[in-house]
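These notes are about the structure you will find just below.
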Amino acid sequence: MSRLKLMYFSWVRERIGRAEEEIEVPAEVATVADLVRWLKGRGEEYAHAFESEGIVRAAVDRVHARPDAPIAQAREVAFFPPMTGG
Amino acid sequence: MSRLKLMYFSWVRERIGRAEEEIEVPAEVATVADLVRWLKGRGEEYAHAFESEGIVRAAVDRVHARPDAPIAQAREVAFFPPMTGG
Amino acid sequence: MKPLTETKPRIAIQREDFSIAAEVEALLRGRHDLGAVVTFTGLCRDEGGRLEALELEHYPGMAEAEIARVAAEASARWSLAGVTVIHRYGEIRPGENIVLVVTAAEHRRAAFEAAEFLMDFLKTRAPFWKRERLSGGAFGEWVAAKEEDDTAAARWCKG
Amino acid sequence: MKPLTETKPRIAIQREDFSIAAEVEALLRGRHDLGAVVTFTGLCRDEGGRLEALELEHYPGMAEAEIARVAAEASARWSLAGVTVIHRYGEIRPGENIVLVVTAAEHRRAAFEAAEFLMDFLKTRAPFWKRERLSGGAFGEWVAAKEEDDTAAARWCKG
């Protein structure tokens with residue numbers, strides 16, 4: 001098990017119902033994609049946030065990350081929709 | 001014969017030795033290129049200003065003009081090197 | 001030719017408005033070797049009167065870091081004397097500023113291209129999300145990302 | 001969508017300096033339908049200390065008319081809300097402004113492209129000539145036109 005800070009933004013935050021949380025993640029959750037799968041099993045709100053495959057983006061320790069990015073060393077993982085700044 | 005205002009800028013002005021002049025141009029001087037040829041016959045200073053073929057640009061009544069542009073209706077013809085503004 | 005001295009990029013994520021003049025002046029101060037400064041200002045449109053305001057959410061910490069990465073990429077591609085990026089968050093009303101990019105260089109092509117590059121990548125990489133507040137006060141939709149922004153960013157990646 | 005209302009281009013040929021902030025403000029005043037403003041400022045470089053000043057000569061009357069033609073061409077090609085071009089003449093020292101172009105539009109691509117287009121065509125079409133005054137006070141050469149400026153202008157002419 002490793003302790004991870006999760007952060008959510010925009011409608012991902014609204015669907016999950018909180019802006020951030022600290023959770024214990026089982027060691028077999030190795031990548032961003034694993035984490036999304038594992039979160040979807042934790043409850044309706046997560047299933048709703050991640051329902052459309054490939055829409056939600058992730059950052060690992062504040063750097064954009066692909067689904068296959070490892071999270072073993074990560075302290076902070078964030079999920080959000082495509083950016084609309086600028 | 002028709003009366004024409006000629007204007008010179010940058011090193012064309014310096015070579016000819018004046019910024020502008022009013023001259024009577026014979027009727028057979030029909031185009032910008034004719035005018036250049038005719039001016040070159042008027043004296044050293046003109047020959048010097050127009051010595052490199054195709055370098056000096058012209059404007060007829062304040063609009064860029066090619067060598068074959070007619071000058072029969074023109075009131076003001078200007079000669080100058082390629083522009084270096086901006 | 002001496003290579004251009006590049007000052008550290010100035011990156012600010014702030015609620016407050018910015019001053020184009022002050023930012024340009026700061027980049028130029030004490031320098032006589034620059035021939036070109038480009039500024040881009042992005043503003044909030046009222047979308048034909050439909051919009052009362054935009055609410056801009058961002059990811060603190062990552063926003064600065066990601067813009068710094070994009071600025072470093074611009075400095076690697078073009079010979080620049082300086083880059084400034086300011087991005088606002090919070091409530092922004094029609095006619096108000098959202099984002100400012102300033103680039104200074106010896107020649108205009110570098111300043112123009114770097115400014116366009118920065119904007120294209122800010123749009124697709126900087127962690128900001130816009131939500132509409134409609135006339136009357138009701139919250140509207142989160143603004144959807146535009147495919148044309150991805151296309152604009154992709155044109156800088158060749159080979 | 002309503003088509004964008006375009007204000008008459010503001011074109012000024014003047015000895016005095018200009019204010020970027022004042023010109024941007026004038027273009028934006030009272031408007032809530034604009035998303036993008038680009039400014040380009042061209043400055044006098046000291047060329048590694050070699051240059052004391054530039055003397056800019058122009059063709060009064062034609063300078064305004066030619067810039068107006070270039071601005072009209074930009075307005076025909078892009079959807080613009082406004083265009084401002086200010087070009088200085090006379091003595092200009094290193095670090096001082098020479099030219100300002102401001103474009104305002106709904107979207108950034110139009111504002112960027114129109115500003116680049118205006119600069120490329122100002123360089124090759126506006127009747128201005130620069131002469132160098134060297135450190136020590138002696139007059140140097142008239143600045144030669146650059147082939148790269150012709151190339152830059154030519155890329156807008158396709159077909």
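Quick note on naming: the chains in the structure tokens go A, B, ... in the order shown, residues restart at 1 in each chain, and ligands are numbered from 1 in order of appearance.
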Rows by chain and residue number, chain D within 12 Å of chain A, shortest pair, only C-alpha atoms, as a Markdown table:
```
| residue | atom | partner | partner_atom | distance |
| --- | --- | --- | --- | --- |
| D:Gly35 | CA | A:Gly86 | CA | 10.3 |
| D:Ala36 | CA | A:Gly86 | CA | 10.4 |
| D:His107 | CA | A:Gly86 | CA | 11.4 |
| D:Arg108 | CA | A:Gly86 | CA | 10.2 |
```
Restricting it to all heavy atoms, dump the selection as a PDB file, in the first residue's frame.
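This went into result_18.pdb:
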```pdb
ATOM      1  N   GLY D  35     -11.765  38.820 -28.552  1.00  0.00           N
ATOM      2  CA  GLY D  35     -11.044  37.827 -27.760  1.00  0.00           C
ATOM      3  C   GLY D  35      -9.538  37.934 -27.856  1.00  0.00           C
ATOM      4  O   GLY D  35      -8.835  37.284 -27.097  1.00  0.00           O
ATOM      5  N   ALA D  36      -9.044  38.732 -28.802  1.00  0.00           N
ATOM      6  CA  ALA D  36      -7.606  38.695 -29.079  1.00  0.00           C
ATOM      7  C   ALA D  36      -7.092  40.053 -29.550  1.00  0.00           C
ATOM      8  O   ALA D  36      -7.664  40.659 -30.454  1.00  0.00           O
ATOM      9  CB  ALA D  36      -7.319  37.660 -30.161  1.00  0.00           C
ATOM     10  N   HIS D 107     -10.750  36.074 -32.656  1.00  0.00           N
ATOM     11  CA  HIS D 107      -9.903  34.908 -32.398  1.00  0.00           C
ATOM     12  C   HIS D 107      -8.437  35.208 -32.656  1.00  0.00           C
ATOM     13  O   HIS D 107      -8.100  36.045 -33.476  1.00  0.00           O
ATOM     14  CB  HIS D 107     -10.375  33.738 -33.270  1.00  0.00           C
ATOM     15  CG  HIS D 107     -11.783  33.359 -32.974  1.00  0.00           C
ATOM     16  ND1 HIS D 107     -12.154  32.719 -31.811  1.00  0.00           N
ATOM     17  CD2 HIS D 107     -12.930  33.570 -33.671  1.00  0.00           C
ATOM     18  CE1 HIS D 107     -13.462  32.534 -31.810  1.00  0.00           C
ATOM     19  NE2 HIS D 107     -13.964  33.043 -32.923  1.00  0.00           N
ATOM     20  N   ARG D 108      -7.576  34.466 -31.961  1.00  0.00           N
ATOM     21  CA  ARG D 108      -6.160  34.814 -31.968  1.00  0.00           C
ATOM     22  C   ARG D 108      -5.491  34.622 -33.317  1.00  0.00           C
ATOM     23  O   ARG D 108      -4.604  35.380 -33.689  1.00  0.00           O
ATOM     24  CB  ARG D 108      -5.395  34.034 -30.890  1.00  0.00           C
ATOM     25  CG  ARG D 108      -5.154  32.546 -31.130  1.00  0.00           C
ATOM     26  CD  ARG D 108      -4.481  31.924 -29.916  1.00  0.00           C
ATOM     27  NE  ARG D 108      -4.138  30.517 -30.075  1.00  0.00           N
ATOM     28  CZ  ARG D 108      -4.986  29.506 -30.073  1.00  0.00           C
ATOM     29  NH1 ARG D 108      -6.296  29.735 -29.943  1.00  0.00           N
ATOM     30  NH2 ARG D 108      -4.561  28.268 -30.198  1.00  0.00           N
TER      31      ARG D 108
END
```
* To do: Considering only C-alpha atoms, return as a ChimeraX atom specification whatever protein or nucleic-acid residues lie within 12 Å of Pro60 of chain C, sequence-local ones (same chain, fewer than 6 positions apart) excluded.
  => /A:7-9,62,78 /C:12-14,66-67,87-89,126-128
Those residues you just picked out, can you put them in a file as a PDB file, in the first residue's frame with N, CA and C atoms?
```pdb
ATOM      1  N   MET A   7      -6.053  14.796  -6.721  1.00  0.00           N
ATOM      2  CA  MET A   7      -6.692  16.102  -6.908  1.00  0.00           C
ATOM      3  C   MET A   7      -7.590  16.037  -8.134  1.00  0.00           C
ATOM      4  N   TYR A   8      -8.734  16.722  -8.033  1.00  0.00           N
ATOM      5  CA  TYR A   8      -9.707  16.710  -9.138  1.00  0.00           C
ATOM      6  C   TYR A   8     -10.059  18.147  -9.517  1.00  0.00           C
ATOM      7  N   PHE A   9     -10.233  18.377 -10.814  1.00  0.00           N
ATOM      8  CA  PHE A   9     -10.551  19.725 -11.282  1.00  0.00           C
ATOM      9  C   PHE A   9     -11.754  19.721 -12.229  1.00  0.00           C
ATOM     10  N   ARG A  62       2.356  16.806 -10.986  1.00  0.00           N
ATOM     11  CA  ARG A  62       2.220  18.091 -11.700  1.00  0.00           C
ATOM     12  C   ARG A  62       2.853  18.111 -13.087  1.00  0.00           C
ATOM     13  N   ALA A  78      -3.344  13.998 -10.351  1.00  0.00           N
ATOM     14  CA  ALA A  78      -4.510  14.847 -10.583  1.00  0.00           C
ATOM     15  C   ALA A  78      -5.277  14.372 -11.808  1.00  0.00           C
TER      16      ALA A  78
ATOM     17  N   ALA C  12       3.430  34.459 -14.235  1.00  0.00           N
ATOM     18  CA  ALA C  12       2.585  34.802 -13.087  1.00  0.00           C
ATOM     19  C   ALA C  12       1.187  34.250 -13.304  1.00  0.00           C
ATOM     20  N   ILE C  13       0.659  33.626 -12.236  1.00  0.00           N
ATOM     21  CA  ILE C  13      -0.730  33.154 -12.222  1.00  0.00           C
ATOM     22  C   ILE C  13      -1.403  33.986 -11.141  1.00  0.00           C
ATOM     23  N   GLN C  14      -2.347  34.794 -11.520  1.00  0.00           N
ATOM     24  CA  GLN C  14      -2.876  35.765 -10.553  1.00  0.00           C
ATOM     25  C   GLN C  14      -4.342  36.082 -10.801  1.00  0.00           C
ATOM     26  N   GLU C  66       3.918  24.124 -15.646  1.00  0.00           N
ATOM     27  CA  GLU C  66       3.660  23.740 -17.035  1.00  0.00           C
ATOM     28  C   GLU C  66       3.954  24.915 -17.976  1.00  0.00           C
ATOM     29  N   ILE C  67       3.566  26.114 -17.568  1.00  0.00           N
ATOM     30  CA  ILE C  67       3.856  27.291 -18.405  1.00  0.00           C
ATOM     31  C   ILE C  67       5.364  27.500 -18.491  1.00  0.00           C
ATOM     32  N   HIS C  87      -1.308  34.667 -16.550  1.00  0.00           N
ATOM     33  CA  HIS C  87      -2.628  34.056 -16.746  1.00  0.00           C
ATOM     34  C   HIS C  87      -3.468  34.325 -15.515  1.00  0.00           C
ATOM     35  N   ARG C  88      -4.653  34.871 -15.712  1.00  0.00           N
ATOM     36  CA  ARG C  88      -5.537  35.177 -14.583  1.00  0.00           C
ATOM     37  C   ARG C  88      -6.444  33.992 -14.269  1.00  0.00           C
ATOM     38  N   TYR C  89      -6.955  33.962 -13.046  1.00  0.00           N
ATOM     39  CA  TYR C  89      -7.986  32.995 -12.676  1.00  0.00           C
ATOM     40  C   TYR C  89      -9.061  33.726 -11.880  1.00  0.00           C
ATOM     41  N   ALA C 126      -1.749  24.173 -20.464  1.00  0.00           N
ATOM     42  CA  ALA C 126      -1.802  24.828 -19.148  1.00  0.00           C
ATOM     43  C   ALA C 126      -3.086  24.422 -18.430  1.00  0.00           C
ATOM     44  N   PRO C 127      -2.974  23.966 -17.175  1.00  0.00           N
ATOM     45  CA  PRO C 127      -4.145  23.435 -16.470  1.00  0.00           C
ATOM     46  C   PRO C 127      -5.082  24.528 -15.955  1.00  0.00           C
ATOM     47  N   PHE C 128      -5.903  25.023 -16.889  1.00  0.00           N
ATOM     48  CA  PHE C 128      -6.957  25.999 -16.592  1.00  0.00           C
ATOM     49  C   PHE C 128      -8.252  25.474 -17.203  1.00  0.00           C
TER      50      PHE C 128
END
```
Exercise: Arg66 of chain A partners within 12 Å, only C-alpha atoms, chain neighbours under 4 positions left out, as a compact mmCIF listing (two decimals) with all heavy atoms, in the first residue's frame:
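Wrote it out as around12.txt, contents follow:
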```txt
# COMPACT_ATOMS: atom_id res chain seq x y z
N THR A 31 -0.08 1.86 -12.68
CA THR A 31 -0.08 2.95 -13.67
C THR A 31 -1.29 3.86 -13.47
O THR A 31 -2.21 3.54 -12.69
CB THR A 31 -0.16 2.39 -15.10
OG1 THR A 31 -1.43 1.75 -15.26
CG2 THR A 31 0.96 1.39 -15.37
N VAL A 32 -1.29 4.96 -14.20
CA VAL A 32 -2.44 5.87 -14.19
C VAL A 32 -3.71 5.11 -14.60
O VAL A 32 -4.76 5.26 -13.96
CB VAL A 32 -2.19 7.07 -15.13
CG1 VAL A 32 -3.46 7.86 -15.37
CG2 VAL A 32 -1.10 7.98 -14.56
N ALA A 33 -3.61 4.29 -15.63
CA ALA A 33 -4.78 3.53 -16.09
C ALA A 33 -5.27 2.56 -15.00
O ALA A 33 -6.49 2.43 -14.78
CB ALA A 33 -4.44 2.76 -17.37
N ASP A 34 -4.34 1.90 -14.31
CA ASP A 34 -4.71 1.03 -13.19
C ASP A 34 -5.47 1.81 -12.12
O ASP A 34 -6.46 1.35 -11.56
CB ASP A 34 -3.45 0.44 -12.52
CG ASP A 34 -2.72 -0.56 -13.39
OD1 ASP A 34 -3.31 -1.03 -14.40
OD2 ASP A 34 -1.56 -0.87 -13.08
N VAL A 36 -7.20 4.60 -12.44
CA VAL A 36 -8.55 4.96 -12.90
C VAL A 36 -9.48 3.75 -12.74
O VAL A 36 -10.59 3.87 -12.20
CB VAL A 36 -8.54 5.42 -14.38
CG1 VAL A 36 -9.96 5.52 -14.94
CG2 VAL A 36 -7.81 6.76 -14.52
N GLY A 54 -10.93 7.76 -21.99
CA GLY A 54 -10.01 8.59 -22.77
C GLY A 54 -10.28 10.07 -22.75
O GLY A 54 -9.56 10.84 -23.39
N ILE A 55 -11.33 10.52 -22.03
CA ILE A 55 -11.59 11.96 -21.97
C ILE A 55 -10.78 12.61 -20.85
O ILE A 55 -10.12 13.63 -21.05
CB ILE A 55 -13.10 12.25 -21.73
CG1 ILE A 55 -13.93 11.80 -22.92
CG2 ILE A 55 -13.33 13.73 -21.44
CD1 ILE A 55 -13.74 12.62 -24.16
N VAL A 56 -10.83 11.99 -19.67
CA VAL A 56 -10.18 12.58 -18.50
C VAL A 56 -8.66 12.47 -18.64
O VAL A 56 -8.12 11.42 -18.99
CB VAL A 56 -10.68 11.92 -17.20
CG1 VAL A 56 -9.89 12.43 -15.99
CG2 VAL A 56 -12.17 12.19 -17.02
N ARG A 57 -7.97 13.60 -18.39
CA ARG A 57 -6.51 13.64 -18.45
C ARG A 57 -5.94 13.49 -17.05
O ARG A 57 -6.65 13.71 -16.06
CB ARG A 57 -6.04 15.00 -19.01
CG ARG A 57 -6.73 15.45 -20.27
CD ARG A 57 -6.27 14.65 -21.48
NE ARG A 57 -6.93 15.11 -22.69
CZ ARG A 57 -6.43 16.04 -23.50
NH1 ARG A 57 -5.27 16.60 -23.24
NH2 ARG A 57 -7.10 16.41 -24.58
N ALA A 58 -4.65 13.16 -16.98
CA ALA A 58 -4.00 12.99 -15.68
C ALA A 58 -2.67 13.74 -15.64
O ALA A 58 -2.03 13.95 -16.67
CB ALA A 58 -3.77 11.52 -15.42
N ALA A 59 -2.28 14.13 -14.44
CA ALA A 59 -0.93 14.65 -14.21
C ALA A 59 -0.36 13.89 -13.02
O ALA A 59 -1.07 13.65 -12.03
CB ALA A 59 -0.96 16.14 -13.92
N VAL A 60 0.89 13.46 -13.13
CA VAL A 60 1.58 12.80 -12.03
C VAL A 60 2.64 13.77 -11.50
O VAL A 60 3.50 14.21 -12.26
CB VAL A 60 2.22 11.47 -12.49
CG1 VAL A 60 3.07 10.87 -11.37
CG2 VAL A 60 1.15 10.48 -12.93
N PRO A 70 3.82 5.22 -14.90
CA PRO A 70 3.89 4.56 -13.59
C PRO A 70 3.57 5.53 -12.46
O PRO A 70 3.88 6.73 -12.57
CB PRO A 70 5.34 4.09 -13.52
CG PRO A 70 6.10 5.01 -14.41
CD PRO A 70 5.15 5.42 -15.49
N ILE A 71 2.99 5.03 -11.37
CA ILE A 71 2.68 5.91 -10.24
C ILE A 71 3.34 5.44 -8.94
O ILE A 71 3.05 5.96 -7.86
CB ILE A 71 1.15 6.05 -10.03
CG1 ILE A 71 0.50 4.68 -9.77
CG2 ILE A 71 0.50 6.74 -11.21
CD1 ILE A 71 -0.90 4.80 -9.20
N VAL A 77 -1.41 12.73 -7.74
CA VAL A 77 -1.97 12.46 -9.07
C VAL A 77 -3.23 13.30 -9.21
O VAL A 77 -4.06 13.34 -8.30
CB VAL A 77 -2.27 10.96 -9.27
CG1 VAL A 77 -2.94 10.72 -10.63
CG2 VAL A 77 -1.00 10.13 -9.15
N ALA A 78 -3.34 14.00 -10.35
CA ALA A 78 -4.51 14.85 -10.58
C ALA A 78 -5.28 14.37 -11.81
O ALA A 78 -4.69 13.87 -12.76
CB ALA A 78 -4.07 16.29 -10.78
N PHE A 79 -6.61 14.51 -11.77
CA PHE A 79 -7.46 14.17 -12.91
C PHE A 79 -8.30 15.38 -13.30
O PHE A 79 -8.82 16.09 -12.42
CB PHE A 79 -8.37 12.99 -12.54
CG PHE A 79 -7.63 11.70 -12.36
CD1 PHE A 79 -7.39 11.20 -11.08
CD2 PHE A 79 -7.15 10.99 -13.45
CE1 PHE A 79 -6.70 10.01 -10.90
CE2 PHE A 79 -6.46 9.80 -13.29
CZ PHE A 79 -6.23 9.30 -12.01
```
* To do: Pick out each residue of segment 85-120 of chain C that DSSP on the backbone tags as strand (DSSP E); I need them as a ChimeraX atom specification.
  => /C:85-88,90-92,97-105
* Interface, chain D side, toward chain C (7 Å; only C-alpha atoms) as a VMD selection string -> chain D and resid 20 to 21 31 to 47 94 to 95
* **Long-range neighbours of segment 73-76 of chain D as a PyMOL selection string, 8 Å cut-off, only C-alpha atoms, 2 positions minimum in chain** => chain D and resi 69-71+78-80+114+117-118
* Asked: Distance atom CA of Glu147 of chain D-atom CA of Leu27 of chain C, one decimal place?
  ->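 The value is 29.3 Å.
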* To do: Return as a ChimeraX atom specification the full set of residues in segment 20-114 of chain C whose backbone-based DSSP assignment is alpha helix (DSSP H).
  => /C:20-28,62-77,108-114
* **Close residues, Glu141 of chain D itself excluded, 12 Å, only C-alpha atoms, min 3 positions apart in chain, as JSON, numbers by chain** => {"B": [10, 11], "D": [51, 54, 55, 129, 130, 131, 132, 133, 134, 138, 144, 145]}
